[in-house]
Protein chains: 2
Amino acid sequence: MHKKITPKKIIVIGGDGFCGWPTALHLSNLGHRVTIVDNLSRRWIDTQLGANSLTPIATVEDRLTAWTEATGKVIHFECIDAAREFDRLAALLASIRPDTVIHFGEQRAAPYSMKTVTEKRYTVDNNISATHNLLAAVTALGLDPHIVHLGTMGVYGYDDAGLEIPEGYLSVYVPGDDKRIVQRDILYPTNPGSVYHLTKSMDQLLFQFYAKNDLLRITDLHQGIVWGTQTDETRLDERLINRFDYDGDYGTVLNRFLMQAVVGHPLTVHGSGGQTRAFIHIQDTVKCIALAVANPPRPEGRVAILNQMTECHTVRDLAMLIAKLSDARVAFVSNPRNEAAENDLRVSNRTFLDLGLNPITLEAGLLEETRDIAAKYAHRCIPEMIPCVSTWTDRQQPGVVDMGDVA
Amino acid sequence: MHKKITPKKIIVIGGDGFCGWPTALHLSNLGHRVTIVDNLSRRWIDTQLGANSLTPIATVEDRLTAWTEATGKVIHFECIDAAREFDRLAALLASIRPDTVIHFGEQRAAPYSMKTVTEKRYTVDNNISATHNLLAAVTALGLDPHIVHLGTMGVYGYDDAGLEIPEGYLSVYVPGDDKRIVQRDILYPTNPGSVYHLTKSMDQLLFQFYAKNDLLRITDLHQGIVWGTQTDETRLDERLINRFDYDGDYGTVLNRFLMQAVVGHPLTVHGSGGQTRAFIHIQDTVKCIALAVANPPRPEGRVAILNQMTECHTVRDLAMLIAKLSDARVAFVSNPRNEAAENDLRVSNRTFLDLGLNPITLEAGLLEETRDIAAKYAHRCIPEMIPCVSTWTDRQQPGVVDMGDVA
């Protein structure tokens, strides 16, 4: 089924997480030699929040055993904190000398990053140090791996009606001297909406510098909101199942709607629901990353930035779609986020389409997601974890339903 | 002499350093109630490098005693690491409830930030955490101080011939839908030239976010290369004297030229010396900061960015000027930095001129600097500390003179 590939030595930092785990499996399945680096922080945060993955996720050890039993392939695991254990990270890089390093090793929930000053500080310190440690280590070691980083569509901000969002760079015209107009290709001016998104904007500057100064080869993937749970590989054994987050901090909008529908709670739309967002299925995420791994940029001093998303929807339309599928009601609640109430969004994802990506559509995949995940594991749901209680500032209110408002 | 001012409670983070110390004295002299926060890291780095300030700087305790003896005024001091002692920083902010916080608390030498992986990591982790801790703390405490940050001209980069560098924001035109042209005011696209400058670019994004989300009032001062040593206040007593750095890591180009002239060494120009840079005298730095303190921006979600510089020169012209003053020779050596060999530079500093700044010119101040500082304290110079040995990548060579090349 898969084309013949040249096996690469690949390190997946954050390879135990929601995107990292199915990526590691997919790359291993393609024949690459995969080592996961993870400090298991995502599991610890579940414990801290009193939350859980709706799907029962196995220990790393059981996951890796199951993978070998299912496929005969081996994935290695190193429990290393990329932000705080620089020496161990550098020693591993020096020993493996990877062809590719995929960097998912960052705290990735916007609401969690806005929870209190503690989570704000953790998100900044953890994410920036993890990214910079990787860049500084490969530079100091004289290594030349292709670095693939998971960024976010959120760095663009969402107030740019009238412009299609390009892939990372914007062509602008600046009035110069003597009435000349100067054309410049600039990094898209960033407008992050949370401390989490802010760290990905700051990552962009780290990449820009190390690509320019040290000629590192870097691909930054600006990803939309991921939905779906399973991929071809995670379906092979129940111990390989991927996370499904539905809590107010880590659950993305679609998962929380599915969960609310299943437990008979109104779907809680923040504000008017006119926020338009970009989406991608987890199966397409792992395909995109494999495509990025196969197509490293040349060391020309410029980061390759690709938009990793497949379709745009308003939050309101998503709620209506799921309400129709599941006979649920929709409730408009106050928005705990400090963001524009309504926005247009059009995004270029030309590069991945040109490389052959054939996207899974929401319309086609939602029913399976409802039946095989949300309904099947509904007994594991802790309903009080669903509402969004982390607010962006004291001026916002939690997104909790007043049952009088239910439409 | 000074106009009547309303005394403010001011915290100066990094108030023991080269810019911070004369700023603290100047603000105290104006009648403000000043508390210095410093972890004394700059003194520790001297020890680490085996370097020293050419001028004999007193201990913090002796400095503060001398200040009170000279003026009857009191400056308080707290030994706190803003990057690593968040709880102590927050407790101090809660107790003082400052009107203004001036943030100099960052590692500020570009060559030091490029020395080895250890200094790169220290610079990123220290500078980003210090800035973010301050922003997160005042937000969590519900305080509303005006935050004045010392940024750098270096965030702009130096490859922008044909455009005057504006104050922080650039007006650009973007081709939009239906052949419409959309006008945008964007944060100037950043192109930092070292890990140090990179951290100041990243700081800009932290400020942008907290100004937007939490309506913090922030002034970011993009400063040129500072020269000169003494201010009206540091001249009052020898124990108040300011630092004069001349070593290859912390000494800026002008100080190193002065030092080389005094010890009879050729002035070492990196590359062709065609690099054009912006300069400001330390006396004007403290005046600019007092002007910024007196003119906080309104809480409108936008950071006030001011260019804090007064004149531009090429490195070659500086060398020729000092050679003429001191009968020294000039040597062109390899450039340890990864930077453009030649560049134009024109910078807008309209805001400070409009606020009444009357700059000290290099031409007028250099002779005093040579006579009262470089020559007077020449006996304290460690000549082998002068050359620049920190290189930007393995492709660069240290900026060391080959005596055969001396012009």
# chains A, B, ... in the order shown; residues from 1 in each chain; ligands from 1

$ closest_atom_pairs --of "chain B" --to "chain A" --cutoff "6 Å" --atoms "only C-alpha atoms" --output "Markdown table"
| residue | atom | partner | partner_atom | distance |
| --- | --- | --- | --- | --- |
| B:Val117 | CA | A:Ala136 | CA | 6.0 |
| B:Ala136 | CA | A:Val117 | CA | 6.0 |
| B:Gly162 | CA | A:Asp177 | CA | 5.8 |
| B:Leu163 | CA | A:Gly176 | CA | 5.1 |
| B:Val172 | CA | A:Val174 | CA | 5.0 |
| B:Tyr173 | CA | A:Tyr173 | CA | 5.0 |
| B:Val174 | CA | A:Val172 | CA | 5.0 |
| B:Gly176 | CA | A:Leu163 | CA | 5.1 |
| B:Asp177 | CA | A:Gly162 | CA | 5.8 |
| B:Met202 | CA | A:Met202 | CA | 5.5 |

$ select_by_dssp --residues "stretch 165-237 of chain B" --states "strand (DSSP E)" --output "count of residues only"
24

$ residues_around --residues "A:Leu366" --least-positions-apart "2" --cutoff "12 Å" --atoms "only C-alpha atoms" --output "ChimeraX atom specification"
/A:227-229,254-255,257-258,281,318,321-326,360-364,368-374

$ residues_around --residues "B:Gly14" --least-positions-apart "4" --cutoff "6 Å" --atoms "only C-alpha atoms" --output "list in words"
Gly20, Val37, Asp38, Phe104 and Gly105 of chain B

$ write_last_selection --atoms "all heavy atoms" --output "mmCIF file, in the first residue's frame"
data_model
loop_
_atom_site.group_PDB
_atom_site.id
_atom_site.type_symbol
_atom_site.label_atom_id
_atom_site.label_comp_id
_atom_site.auth_asym_id
_atom_site.auth_seq_id
_atom_site.Cartn_x
_atom_site.Cartn_y
_atom_site.Cartn_z
ATOM 1 N N GLY B 20 20.778 50.777 34.159
ATOM 2 C CA GLY B 20 19.854 50.802 35.285
ATOM 3 C C GLY B 20 20.319 51.693 36.427
ATOM 4 O O GLY B 20 19.520 52.416 37.031
ATOM 5 N N VAL B 37 15.617 46.516 42.015
ATOM 6 C CA VAL B 37 15.585 45.060 42.092
ATOM 7 C C VAL B 37 16.698 44.556 41.176
ATOM 8 O O VAL B 37 16.752 44.944 40.013
ATOM 9 C CB VAL B 37 14.225 44.510 41.612
ATOM 10 C CG1 VAL B 37 14.303 42.997 41.375
ATOM 11 C CG2 VAL B 37 13.127 44.843 42.611
ATOM 12 N N ASP B 38 17.589 43.743 41.718
ATOM 13 C CA ASP B 38 18.684 43.234 40.884
ATOM 14 C C ASP B 38 19.190 41.942 41.510
ATOM 15 O O ASP B 38 19.192 41.808 42.735
ATOM 16 C CB ASP B 38 19.818 44.278 40.798
ATOM 17 C CG ASP B 38 20.648 44.133 39.530
ATOM 18 O OD1 ASP B 38 21.228 43.040 39.325
ATOM 19 O OD2 ASP B 38 20.714 45.076 38.739
ATOM 20 N N PHE B 104 15.022 46.589 33.110
ATOM 21 C CA PHE B 104 16.323 46.391 32.477
ATOM 22 C C PHE B 104 16.855 44.983 32.774
ATOM 23 O O PHE B 104 18.028 44.734 32.500
ATOM 24 C CB PHE B 104 17.373 47.340 33.092
ATOM 25 C CG PHE B 104 17.159 48.802 32.893
ATOM 26 C CD1 PHE B 104 16.743 49.609 33.944
ATOM 27 C CD2 PHE B 104 17.426 49.397 31.672
ATOM 28 C CE1 PHE B 104 16.600 50.983 33.792
ATOM 29 C CE2 PHE B 104 17.286 50.770 31.512
ATOM 30 C CZ PHE B 104 16.863 51.562 32.567
ATOM 31 N N GLY B 105 16.048 44.109 33.373
ATOM 32 C CA GLY B 105 16.575 42.876 33.970
ATOM 33 C C GLY B 105 16.849 41.761 32.980
ATOM 34 O O GLY B 105 16.307 40.672 33.130
#

$ residues_around --residues "B:Ile11" --least-positions-apart "3" --cutoff "7 Å" --atoms "only C-alpha atoms" --output "list in words"
Val34, Thr35, Ile36, Val37, Pro98, Thr100, Val101 and Ile102 of chain B

$ write_last_selection --atoms "N, CA and C atoms" --output "CSV table (one decimal), in the first residue's frame"
chain,number,residue,atom,x,y,z
B,34,VAL,N,12.4,55.4,44.6
B,34,VAL,CA,13.0,54.4,43.8
B,34,VAL,C,13.4,53.1,44.6
B,35,THR,N,13.0,52.0,44.1
B,35,THR,CA,13.5,50.7,44.6
B,35,THR,C,14.2,49.9,43.5
B,36,ILE,N,15.4,49.6,43.7
B,36,ILE,CA,16.2,48.8,42.8
B,36,ILE,C,15.9,47.3,43.1
B,37,VAL,N,15.6,46.5,42.0
B,37,VAL,CA,15.6,45.1,42.1
B,37,VAL,C,16.7,44.6,41.2
B,98,PRO,N,3.8,49.7,42.7
B,98,PRO,CA,4.5,50.8,42.0
B,98,PRO,C,3.6,51.5,40.9
B,100,THR,N,5.3,52.8,38.4
B,100,THR,CA,6.1,52.5,37.2
B,100,THR,C,7.0,51.4,37.5
B,101,VAL,N,7.2,50.5,36.6
B,101,VAL,CA,8.2,49.5,36.7
B,101,VAL,C,9.1,49.6,35.5
B,102,ILE,N,10.4,49.9,35.7
B,102,ILE,CA,11.3,49.9,34.6
B,102,ILE,C,12.1,48.6,34.5

$ select_by_dssp --residues "stretch 81-307 of chain A" --states "alpha helix (DSSP H)" --output "JSON, numbers by chain"
{"A": [86, 87, 88, 89, 90, 91, 92, 93, 94, 95, 96, 110, 111, 112, 113, 117, 118, 119, 120, 121, 122, 123, 124, 125, 126, 127, 128, 129, 130, 131, 132, 133, 134, 135, 136, 137, 138, 139, 140, 141, 195, 196, 197, 198, 199, 200, 201, 202, 203, 204, 205, 206, 207, 208, 209, 210, 211, 212, 213, 214, 253, 254, 255, 256, 257, 258, 259, 260, 261, 262, 282, 283, 284, 285, 286, 287, 288, 289, 290, 291, 292, 293, 294]}

$ atom_distance --atom1 "atom CA of A:Tyr169" --atom2 "atom CA of B:Leu216"
29.0 Å

$ residues_around --residues "A:Gly151" --least-positions-apart "6" --cutoff "10 Å" --atoms "only C-alpha atoms" --output "NGL selection string"
:A and (103-104 or 106 or 108 or 197 or 199-201 or 203-204 or 219-224 or 305-308)

$ closest_residue --among "A:Ile218, A:Val155, A:Met320, A:Cys388" --to "A:Pro296" --atoms "only C-alpha atoms"
A:Ile218

$ atom_distance --atom1 "atom CA of A:Cys312" --atom2 "atom CA of A:Pro383"
28.1 Å

$ closest_residue --among "A:Pro166, A:Thr310, A:Ser272, A:Leu49" --to "A:Glu342" --atoms "only C-alpha atoms"
A:Ser272

$ residues_around --residues "A:Val330" --least-positions-apart "4" --cutoff "9 Å" --atoms "only C-alpha atoms" --output "PyMOL selection string"
chain A and resi 265-269+316+319-320+323+406-407

$ write_last_selection --atoms "N, CA and C atoms" --output "PDB file, in the first residue's frame"
ATOM      1  N   HIS A 265     -26.545  17.022  27.355  1.00  0.00           N
ATOM      2  CA  HIS A 265     -26.378  18.415  27.784  1.00  0.00           C
ATOM      3  C   HIS A 265     -26.492  19.308  26.550  1.00  0.00           C
ATOM      4  N   PRO A 266     -27.056  20.507  26.684  1.00  0.00           N
ATOM      5  CA  PRO A 266     -27.062  21.408  25.515  1.00  0.00           C
ATOM      6  C   PRO A 266     -25.631  21.686  25.040  1.00  0.00           C
ATOM      7  N   LEU A 267     -25.490  21.872  23.733  1.00  0.00           N
ATOM      8  CA  LEU A 267     -24.174  22.218  23.185  1.00  0.00           C
ATOM      9  C   LEU A 267     -23.910  23.686  23.507  1.00  0.00           C
ATOM     10  N   THR A 268     -22.819  23.972  24.236  1.00  0.00           N
ATOM     11  CA  THR A 268     -22.571  25.344  24.702  1.00  0.00           C
ATOM     12  C   THR A 268     -21.687  26.092  23.709  1.00  0.00           C
ATOM     13  N   VAL A 269     -22.348  27.040  23.026  1.00  0.00           N
ATOM     14  CA  VAL A 269     -21.652  27.877  22.051  1.00  0.00           C
ATOM     15  C   VAL A 269     -21.224  29.162  22.746  1.00  0.00           C
ATOM     16  N   ARG A 316     -20.827  28.075  15.362  1.00  0.00           N
ATOM     17  CA  ARG A 316     -22.291  27.928  15.321  1.00  0.00           C
ATOM     18  C   ARG A 316     -22.707  26.836  14.342  1.00  0.00           C
ATOM     19  N   ALA A 319     -22.037  23.441  15.759  1.00  0.00           N
ATOM     20  CA  ALA A 319     -23.033  23.067  16.779  1.00  0.00           C
ATOM     21  C   ALA A 319     -24.310  22.593  16.097  1.00  0.00           C
ATOM     22  N   MET A 320     -24.738  23.301  15.051  1.00  0.00           N
ATOM     23  CA  MET A 320     -25.970  22.930  14.349  1.00  0.00           C
ATOM     24  C   MET A 320     -25.828  21.548  13.707  1.00  0.00           C
ATOM     25  N   ALA A 323     -25.914  18.995  16.466  1.00  0.00           N
ATOM     26  CA  ALA A 323     -27.271  18.962  17.030  1.00  0.00           C
ATOM     27  C   ALA A 323     -28.190  18.141  16.120  1.00  0.00           C
ATOM     28  N   VAL A 406     -31.524  27.985  27.141  1.00  0.00           N
ATOM     29  CA  VAL A 406     -31.368  26.907  26.166  1.00  0.00           C
ATOM     30  C   VAL A 406     -32.336  27.069  24.996  1.00  0.00           C
ATOM     31  N   ALA A 407     -31.799  27.023  23.776  1.00  0.00           N
ATOM     32  CA  ALA A 407     -32.626  27.216  22.579  1.00  0.00           C
ATOM     33  C   ALA A 407     -33.223  25.891  22.124  1.00  0.00           C
TER      34      ALA A 407
END

$ decode --residues "stretch 202-215 of chain A" --atoms "N, CA, C and O atoms" --output "PDB file, in the first residue's frame"
ATOM      1  N   MET A 202       6.269  33.150  19.388  1.00  0.00           N
ATOM      2  CA  MET A 202       7.660  33.348  19.806  1.00  0.00           C
ATOM      3  C   MET A 202       8.551  32.253  19.218  1.00  0.00           C
ATOM      4  O   MET A 202       9.688  32.517  18.808  1.00  0.00           O
ATOM      5  N   ASP A 203       8.047  31.025  19.153  1.00  0.00           N
ATOM      6  CA  ASP A 203       8.783  29.943  18.489  1.00  0.00           C
ATOM      7  C   ASP A 203       9.174  30.342  17.064  1.00  0.00           C
ATOM      8  O   ASP A 203      10.272  30.047  16.603  1.00  0.00           O
ATOM      9  N   GLN A 204       8.238  31.003  16.370  1.00  0.00           N
ATOM     10  CA  GLN A 204       8.524  31.402  14.981  1.00  0.00           C
ATOM     11  C   GLN A 204       9.787  32.243  14.896  1.00  0.00           C
ATOM     12  O   GLN A 204      10.549  32.135  13.933  1.00  0.00           O
ATOM     13  N   LEU A 205       9.976  33.133  15.878  1.00  0.00           N
ATOM     14  CA  LEU A 205      11.168  33.986  15.870  1.00  0.00           C
ATOM     15  C   LEU A 205      12.427  33.171  16.160  1.00  0.00           C
ATOM     16  O   LEU A 205      13.486  33.429  15.584  1.00  0.00           O
ATOM     17  N   LEU A 206      12.299  32.191  17.065  1.00  0.00           N
ATOM     18  CA  LEU A 206      13.437  31.301  17.327  1.00  0.00           C
ATOM     19  C   LEU A 206      13.832  30.571  16.042  1.00  0.00           C
ATOM     20  O   LEU A 206      15.008  30.477  15.686  1.00  0.00           O
ATOM     21  N   PHE A 207      12.828  30.067  15.316  1.00  0.00           N
ATOM     22  CA  PHE A 207      13.122  29.335  14.077  1.00  0.00           C
ATOM     23  C   PHE A 207      13.744  30.257  13.035  1.00  0.00           C
ATOM     24  O   PHE A 207      14.700  29.896  12.354  1.00  0.00           O
ATOM     25  N   GLN A 208      13.155  31.456  12.902  1.00  0.00           N
ATOM     26  CA  GLN A 208      13.671  32.421  11.919  1.00  0.00           C
ATOM     27  C   GLN A 208      15.162  32.685  12.175  1.00  0.00           C
ATOM     28  O   GLN A 208      15.971  32.676  11.246  1.00  0.00           O
ATOM     29  N   PHE A 209      15.521  32.881  13.448  1.00  0.00           N
ATOM     30  CA  PHE A 209      16.914  33.200  13.758  1.00  0.00           C
ATOM     31  C   PHE A 209      17.844  32.023  13.465  1.00  0.00           C
ATOM     32  O   PHE A 209      18.886  32.186  12.824  1.00  0.00           O
ATOM     33  N   TYR A 210      17.491  30.830  13.943  1.00  0.00           N
ATOM     34  CA  TYR A 210      18.388  29.679  13.761  1.00  0.00           C
ATOM     35  C   TYR A 210      18.445  29.223  12.302  1.00  0.00           C
ATOM     36  O   TYR A 210      19.453  28.685  11.857  1.00  0.00           O
ATOM     37  N   ALA A 211      17.388  29.444  11.541  1.00  0.00           N
ATOM     38  CA  ALA A 211      17.447  29.137  10.103  1.00  0.00           C
ATOM     39  C   ALA A 211      18.410  30.096   9.406  1.00  0.00           C
ATOM     40  O   ALA A 211      19.186  29.696   8.542  1.00  0.00           O
ATOM     41  N   LYS A 212      18.358  31.375   9.820  1.00  0.00           N
ATOM     42  CA  LYS A 212      19.211  32.387   9.195  1.00  0.00           C
ATOM     43  C   LYS A 212      20.661  32.242   9.635  1.00  0.00           C
ATOM     44  O   LYS A 212      21.572  32.205   8.817  1.00  0.00           O
ATOM     45  N   ASN A 213      20.869  32.164  10.961  1.00  0.00           N
ATOM     46  CA  ASN A 213      22.242  32.210  11.474  1.00  0.00           C
ATOM     47  C   ASN A 213      22.966  30.882  11.320  1.00  0.00           C
ATOM     48  O   ASN A 213      24.163  30.867  11.030  1.00  0.00           O
ATOM     49  N   ASP A 214      22.258  29.773  11.542  1.00  0.00           N
ATOM     50  CA  ASP A 214      22.919  28.465  11.573  1.00  0.00           C
ATOM     51  C   ASP A 214      22.477  27.563  10.433  1.00  0.00           C
ATOM     52  O   ASP A 214      22.840  26.395  10.395  1.00  0.00           O
ATOM     53  N   LEU A 215      21.661  28.100   9.533  1.00  0.00           N
ATOM     54  CA  LEU A 215      21.188  27.367   8.355  1.00  0.00           C
ATOM     55  C   LEU A 215      20.494  26.063   8.718  1.00  0.00           C
ATOM     56  O   LEU A 215      20.572  25.075   7.976  1.00  0.00           O
TER      57      LEU A 215
END
